[in-house]
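K.L.:
I'd like to ask you about the structure that follows.
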Amino acid sequence: MPNLLDGLSHSWLQNAFCGAAIVAVLAAVVGYFVVMRGASFATHALSQIGFAGAAGAVLLGIEPLIGLIAFSLAGALGLGALATRTRSSDVPTALVLVCALGTGALFLALANSFGSDAMSFLFGTIVGVDRAQVAITFVAALCALAILAGIARPLLFATVAPDAARAAGVRVGALDLAFLAIIGLAAAITVPIVGALLVFALTIGPAAAAARISARPSIAVALAVLFGLVAVALGVALAYETDWPVGFFIAAIAMLEYLGAGAYARARQ
Amino acid sequence: MNAFFASPNVDAALLASAIVAALTAAIGYFVVLRGLSFAGHAVTDIGLTGGAGAMLAGINPLVGLIAFSVGAATAVGALGDRARERDVATGLVLALALGLGALFLHLQTTFANAQSTLLFGSVFDIAPTLLRIVAAIATVALVALALMYRPLLFSSVAPEAARSAGVPSRTIGFAFLIVMAVAVAETAQIVGVLIATALLIGPAATAMSLVREPLRGIALAMVLGILEMWLAIALSFTSFDWSHGTQSWPVSFFVAVIALAAYVGARAYAGARRV
Amino acid sequence: MSDPVAAVSFANVDFDRGDRHVLTRITFAIAPGEFVGIIGGNGAGKSTLLRLTIGLLQPTRGDVRVFGSAPHGARGSIGYVPQRIELDPDLPLRARDFVSLGVDGATFGFPLPNAKRRTLVDEALHDVGATPFAEKPVGRLSGGEQQRLAIAQAIVGRPKLLLLDEPLANLDLSVAAEIVETTARIARERGITVMLVAHDVNPLVGHMDRVLYLADGRAAIGTVDAVINEDTLSRLYDRPVDVLRVRGRIIVVAG
C-alpha cells in the first residue's frame, strides 16, 4: 500500500489536494445558499450539464475544463429560463439533466473514449490534475466567491422573504439567475476532481450538516467550509491509499457528516 | 449496428421497449403530479448502484436493480413531507449510492460494456425470455396502478380533503413509490437508467400540458412514451449512416432530446393557446 | 399656511386587470402618523391597493403619491409586511438575522459586522417583543412570533410608512389583538404612518384613526362610525346592507 507521506512529495498528489481544497471551500459556501434555497436538484442537474460540456471538449480535443464551464453557464441560463418559480421547476430540471447526460454520452461515444473518460468525469479522479488546472480552478473559485459575497445579502433576502425583498427594490429574478450561474461555475470546477455525479455530495453535504448545527449565517458558512475541507482531505488521502474512486469517499464522508450533525442536533435538543 | 435489423430480436427489442415506455409514462403521470421528479430520478440512479453491485456479486443485475430501487423508494417514502429536508436527504442518499456504484464499477474487473449498459442502456439485445418477464412485470404494475388510481389521484390533488374522506394517503403514497421503483428498475434493465428517467418524466409532463383530464392524460402519456422511444431507436439506427458506417449515436441521447423537445414544445403550444 | 404633505394620496385611481375593474376612482389622503385600517372581503382589491402604494403595480388611470413623490422614489421610507410568510421549518436563519435583512438586505456588497445595524435590530426586536426568541431559528417559531418578526423586519429600516397585508389571517383572536396593539404602539412611538389590511374590522377598532372600506373596487374612508353604517355601505355595495352592533362587535350583513 502506497505511503501517503511519501506520496506527498509527488507534485500530482499535491495538485490533487490543492485543487480539492479550493473546490471544497467554494462548494461549501455555494452549498449554504443551495440548502437555503432548496436548489438541490438544480445543482445536480448543472453538474450533469457540465459533464456534457467536458465530453464535448474531449470530442473537440480541447481542455475539458473549458467545456465544463461553458456548458455549465449555458445550462444555468437554460434552467433559469425554463424553470420559472411560478410553476414547479422539477420537471424541466429533470429533463435538462437527462439531456445533458445523453449529450455527454453521445460526445464520448463519438470521441471513442467512452470507458475511461466517462468514468473519470462521472466519478472523479485524483490523478491527472495539473498545475494549470489548479490555477484555473483557483481563479474561477475566487471570482465566484467574490460575486457571491457581493450578492449575499440581497440573495438571502430574496430567498427568505421574496415579496418583502421585491418591495425593497431587490431584483429577485435577476438574482435567481445569477445564483444559478454561480452554482454552474462551482459545479464546473468541481467536476474534474470529484466527478459530475458526486459534485452534489460535496456541495450539499457539508452545508446541510453545518445548517443543522447552527442557524447563525457566519458560523454555518465557516462550519460548512471546515466540513468540506475535511471531506476532501480524507477523500483524496483514502483514494490515494486504496486506489478506489475519490468521489466514493467524498460522498461517504459527506453523508457521515450530515448524519453526525443530525445526531448532534437531536441530542442537543 | 447492422446487427440490429439482421438480428431476430428486432421484434423483441421494439416490443420490450414499447412496453416499458408505456408503463413508465403511465406511472410518470403521478410522479409529475406529486412533484416527485427528483425522487424518481434518484430512485432510478440508486437502482443503477444495485445493478452494479449485483453484477459484482455475480447475480442477475435485475435483482439488484429492483432491490435497490425499492429500498430507495422506501427510504424516500419514510423521509416524509418536509420538502427541504427531503430534497437534501434524497440528494445525499443518491450521492452515496452513486459513490457506491462508482466503487462497484471500479472493482468490477469484467467490463466497460456492462457498466455503460446499465447507465446508458442498450436496447438492442433483448432475449425473448426477457421479453416475457418484462411483459409480466409490466402487467402486474399496471394492474396495481389501476387499482389504486382513484385514491391516488384524490390524495395527489387534494391531500387534506382525501384524508378527511378516509383515504389512507401515507399508505397509498408508499405503495405508489414501490410500484414506481419496480417499474423503473425493469425499464432501466432494458434501456438504461438515463432513458428510464427521461420516459418517467417527459411524456407525462408533456401530456399534462396538453390535456387537462387524468385518464386522457395518462393515455396520451403512454402513446407519447412509445412514440418517443421508437423514434429514438429509429434515429439511432439511421445515425449509423450519418457517420458513414462507423458509429451510431446512442439511443439514450435521442430519447432525452426528444423528451425535452416534446415537453418544451407542448408548454409553448399550451402557453400560446391560452393567450 | 400650506397643506402638509399627505403620507399617501390616491387621486382618481383606477386599476384594471384585463377587463376586470379591480379598483374604481379611488381617492383618499392619509395624513402622516395616521393608522388606517383597510377593510374589505376577498377580491375587493385590498392587496392591489397596497401594491400600488409600494409601486409594485402601476395604476391604469390616476395618480398615486407617497410623501409627495411617486412610490418608486419613496421606496426607502416604506416598510412592507407581505401577505404570506412561508418559512420552512428547517431554515437555518436566526430570528435576528431575518430581521436584519430589513436593514440592508437590498444592498450589494460584502456583509461586514456592523454595530449600528445591530443596534437597530435590537431595538426593532425589542419593540415587537421578540427579544426572548431572537436567537432561535425562524422556521421553528409560532405563526404569531413569525408575524412579529415580519413586522420587525419592516420597521427596522426606520420607514415612515408601514404597510401590512393581512397580518391577522390564521392567527387566533388573542394573538391577533396583540399584533394590532404592538403595531399601533410602535407606530405611535416611532411616528410611522400605518395602512393595515384585514378582512374583519373588529380587531382594529379602538386602534385605528380611520377606516378605508373597499367593496367592489370602490372605497369610502372615514371614522368607523362615519363609514361602517347602513347608508354608506349600502351605497358602496350598491345593495341593502345591515350593520349590527353586538356587544361592541361590528357585524356587516348583506341584505
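Each chain in the C-alpha cells gets a letter, A, B and so on, in the order shown; residues start at 1 in every chain, and ligands are counted from 1 in the order they appear.
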Could you give me, as an MDAnalysis selection string, each residue of segment 122-219 of chain A that DSSP assigns to helix (DSSP H, G or I) when run on this structure's backbone?

P.N.:
chainID A and resid 122:123 131:160 162:167 172:194 196:213 217:219

K.L.:
Which polymer residues have any atom within 8 Å of an atom of segment 132-137 of chain A, counting only C-alpha atoms, with same-chain residues fewer than 2 positions away left out, as a ChimeraX atom specification?

P.N.:
/A:15,18-19,22-23,65,129-130,139-141,189

K.L.:
Report as a Markdown table the residues of chain A within 6 Å of chain C, each with its shortest atom pair and distance in Å (one decimal), using only C-alpha atoms, ordered by chain and increasing residue number.

P.N.:
| residue | atom | partner | partner_atom | distance |
| --- | --- | --- | --- | --- |
| A:Ala149 | CA | C:Phe110 | CA | 5.3 |
| A:Gly150 | CA | C:Gly109 | CA | 4.2 |
| A:Ile151 | CA | C:Phe108 | CA | 5.3 |
| A:Arg153 | CA | C:Gly105 | CA | 5.0 |
| A:Pro154 | CA | C:Ala106 | CA | 4.7 |
| A:Phe157 | CA | C:Gly105 | CA | 5.4 |
| A:Ala164 | CA | C:Tyr80 | CA | 5.9 |
| A:Val170 | CA | C:Ala106 | CA | 5.5 |
| A:Ala211 | CA | C:Pro92 | CA | 5.5 |
| A:Ala215 | CA | C:Pro92 | CA | 4.4 |

K.L.:
Would you list the contacts of Gly202 of chain B as a list of chain:residue names, taking every protein, DNA or RNA residue within 8 Å and counting only C-alpha atoms, but skipping same-chain residues closer than 5 positions in sequence?

P.N.:
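These residues fall inside the cut-off: A:Val91, A:Leu95, B:Ala25, B:Ala259, B:Leu260, B:Ala262, B:Tyr263.
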
K.L.:
Skip Leu220 of chain B itself and residues of its chain fewer than 4 positions away, then list as a PyMOL selection string all residues within 7 Å of it, counting only C-alpha atoms.

P.N.:
chain B and resi 207+216+224

K.L.:
Please save C-alpha atoms of the selected residues as a compact mmCIF listing (two decimals), in the first residue's frame.

P.N.:
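As written to disk, part13.txt reads:
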# COMPACT_ATOMS: atom_id res chain seq x y z
CA ALA B 207 -49.29 15.19 -21.80
CA ARG B 216 -56.81 11.01 -21.24
CA LEU B 224 -46.07 9.67 -26.37

K.L.:
Near Val140 of chain B, counting only C-alpha atoms, which residues have an atom at most 10 Å away, once you skip same-chain residues fewer than 5 positions from it, shown as an NGL selection string?

P.N.:
:B and (135 or 145-146 or 179 or 183)

K.L.:
Store the residues picked out above in a file with C-alpha atoms, as a JSON list (two decimals), in the first residue's frame.

P.N.:
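Below is the file again10.json, written as the result:
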[["chain", "number", "residue", "atom", "x", "y", "z"],
["B", 135, "ALA", "CA", -44.43, -8.18, -20.05],
["B", 145, "LEU", "CA", -51.74, 1.31, -10.68],
["B", 146, "ALA", "CA", -55.26, 0.85, -11.99],
["B", 179, "VAL", "CA", -44.70, 0.34, -7.92],
["B", 183, "ALA", "CA", -41.26, -0.17, -12.99]]

K.L.:
Show me, as a short mmCIF file (atom, residue, chain, number, x, y, z; two decimals) with N, CA and C atoms, in the first residue's frame, the residues that have an atom within 12 Å of Gly191 of chain C when counting only C-alpha atoms, minus same-chain residues fewer than 5 positions from it.

P.N.:
data_model
loop_
_atom_site.label_atom_id
_atom_site.label_comp_id
_atom_site.auth_asym_id
_atom_site.auth_seq_id
_atom_site.Cartn_x
_atom_site.Cartn_y
_atom_site.Cartn_z
N ALA C 7 -49.15 61.57 3.67
CA ALA C 7 -48.27 60.41 3.65
C ALA C 7 -48.55 59.60 2.39
N ALA C 31 -52.96 61.19 6.34
CA ALA C 31 -52.01 62.12 6.94
C ALA C 31 -50.87 61.37 7.61
N PRO C 32 -49.71 62.02 7.70
CA PRO C 32 -48.58 61.35 8.37
C PRO C 32 -48.94 60.98 9.81
N GLY C 33 -48.59 59.79 10.22
CA GLY C 33 -48.86 59.37 11.59
C GLY C 33 -50.21 58.71 11.78
N GLU C 34 -51.05 58.70 10.76
CA GLU C 34 -52.36 58.06 10.90
C GLU C 34 -52.24 56.55 10.86
N PHE C 35 -53.20 55.90 11.51
CA PHE C 35 -53.31 54.45 11.45
C PHE C 35 -54.62 54.18 10.73
N ILE C 155 -39.93 47.38 10.04
CA ILE C 155 -39.71 48.68 10.69
C ILE C 155 -38.24 48.96 11.02
N ARG C 158 -36.27 51.93 9.78
CA ARG C 158 -36.84 53.23 10.13
C ARG C 158 -37.68 53.83 9.00
N PRO C 159 -38.71 53.11 8.56
CA PRO C 159 -39.54 53.66 7.48
C PRO C 159 -40.48 54.73 8.05
N LYS C 160 -41.06 55.50 7.14
CA LYS C 160 -42.06 56.48 7.56
C LYS C 160 -43.47 55.93 7.35
N LEU C 161 -43.55 54.90 6.51
CA LEU C 161 -44.85 54.32 6.19
C LEU C 161 -44.75 52.81 6.35
N LEU C 162 -45.73 52.22 6.99
CA LEU C 162 -45.73 50.77 7.21
C LEU C 162 -47.00 50.18 6.61
N THR C 183 -48.47 46.85 16.83
CA THR C 183 -48.31 47.70 15.66
C THR C 183 -48.68 49.14 15.99
N ALA C 184 -49.81 49.32 16.68
CA ALA C 184 -50.25 50.69 17.00
C ALA C 184 -49.24 51.38 17.90
N ARG C 185 -48.72 50.64 18.88
CA ARG C 185 -47.77 51.21 19.82
C ARG C 185 -46.49 51.64 19.11
N ILE C 186 -45.95 50.75 18.27
CA ILE C 186 -44.72 51.07 17.53
C ILE C 186 -44.94 52.29 16.64
#

K.L.:
Check every residue of chain A for an atom within 7 Å of chain B, counting only C-alpha atoms, and provide those that qualify as an mmCIF file with C-alpha atoms, in the first residue's frame.

P.N.:
data_model
loop_
_atom_site.group_PDB
_atom_site.id
_atom_site.type_symbol
_atom_site.label_atom_id
_atom_site.label_comp_id
_atom_site.auth_asym_id
_atom_site.auth_seq_id
_atom_site.Cartn_x
_atom_site.Cartn_y
_atom_site.Cartn_z
ATOM 1 C CA GLY A 38 -33.855 24.249 -1.859
ATOM 2 C CA SER A 40 -30.537 20.702 -4.623
ATOM 3 C CA PHE A 41 -31.945 19.310 -7.816
ATOM 4 C CA ASP A 90 -38.557 19.949 -11.109
ATOM 5 C CA VAL A 91 -39.783 18.707 -14.449
ATOM 6 C CA ALA A 94 -35.019 16.632 -14.676
ATOM 7 C CA LEU A 95 -35.402 16.676 -18.448
ATOM 8 C CA VAL A 96 -32.467 19.009 -18.945
ATOM 9 C CA VAL A 98 -31.096 13.615 -18.724
ATOM 10 C CA CYS A 99 -30.461 15.553 -21.902
ATOM 11 C CA GLY A 102 -27.395 11.817 -23.047
ATOM 12 C CA THR A 103 -25.425 14.500 -24.853
ATOM 13 C CA ALA A 105 -22.809 10.012 -23.747
ATOM 14 C CA LEU A 106 -23.085 10.991 -27.376
ATOM 15 C CA GLY A 115 -14.991 3.925 -20.878
ATOM 16 C CA PHE A 123 -16.886 9.741 -10.652
ATOM 17 C CA LEU A 197 -22.331 12.578 -10.245
ATOM 18 C CA LEU A 198 -20.846 13.497 -6.901
ATOM 19 C CA PHE A 200 -23.739 17.269 -5.268
ATOM 20 C CA ALA A 201 -22.349 15.471 -2.257
ATOM 21 C CA GLY A 205 -23.416 17.502 2.499
ATOM 22 C CA TRP A 244 -10.709 3.486 -5.164
ATOM 23 C CA PRO A 245 -12.635 6.378 -6.770
ATOM 24 C CA GLY A 247 -15.900 10.503 -5.423
ATOM 25 C CA PHE A 248 -16.984 7.485 -3.436
ATOM 26 C CA ALA A 251 -19.806 11.133 -0.883
ATOM 27 C CA ALA A 252 -19.478 8.716 2.019
ATOM 28 C CA MET A 255 -23.071 11.591 4.275
#

K.L.:
Between atom CA of Ala55 of chain A and atom CA of Phe107 of chain A, what is the distance in Å, rounded to a tenth?

P.N.:
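It comes out at 5.5 Å.
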
K.L.:
Using only C-alpha atoms, find the one residue out of C:Leu57, C:Thr27, C:Pro89, C:Tyr237 that sits nearest to chain B.

P.N.:
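Using only C-alpha atoms, the shortest distance to chain B belongs to C:Pro89.
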
K.L.:
Taking into account only C-alpha atoms, which residue in the set A:Thr190, A:Thr159, A:Ser72, A:Gln269 is nearest to Arg212 of chain A?

P.N.:
A:Gln269
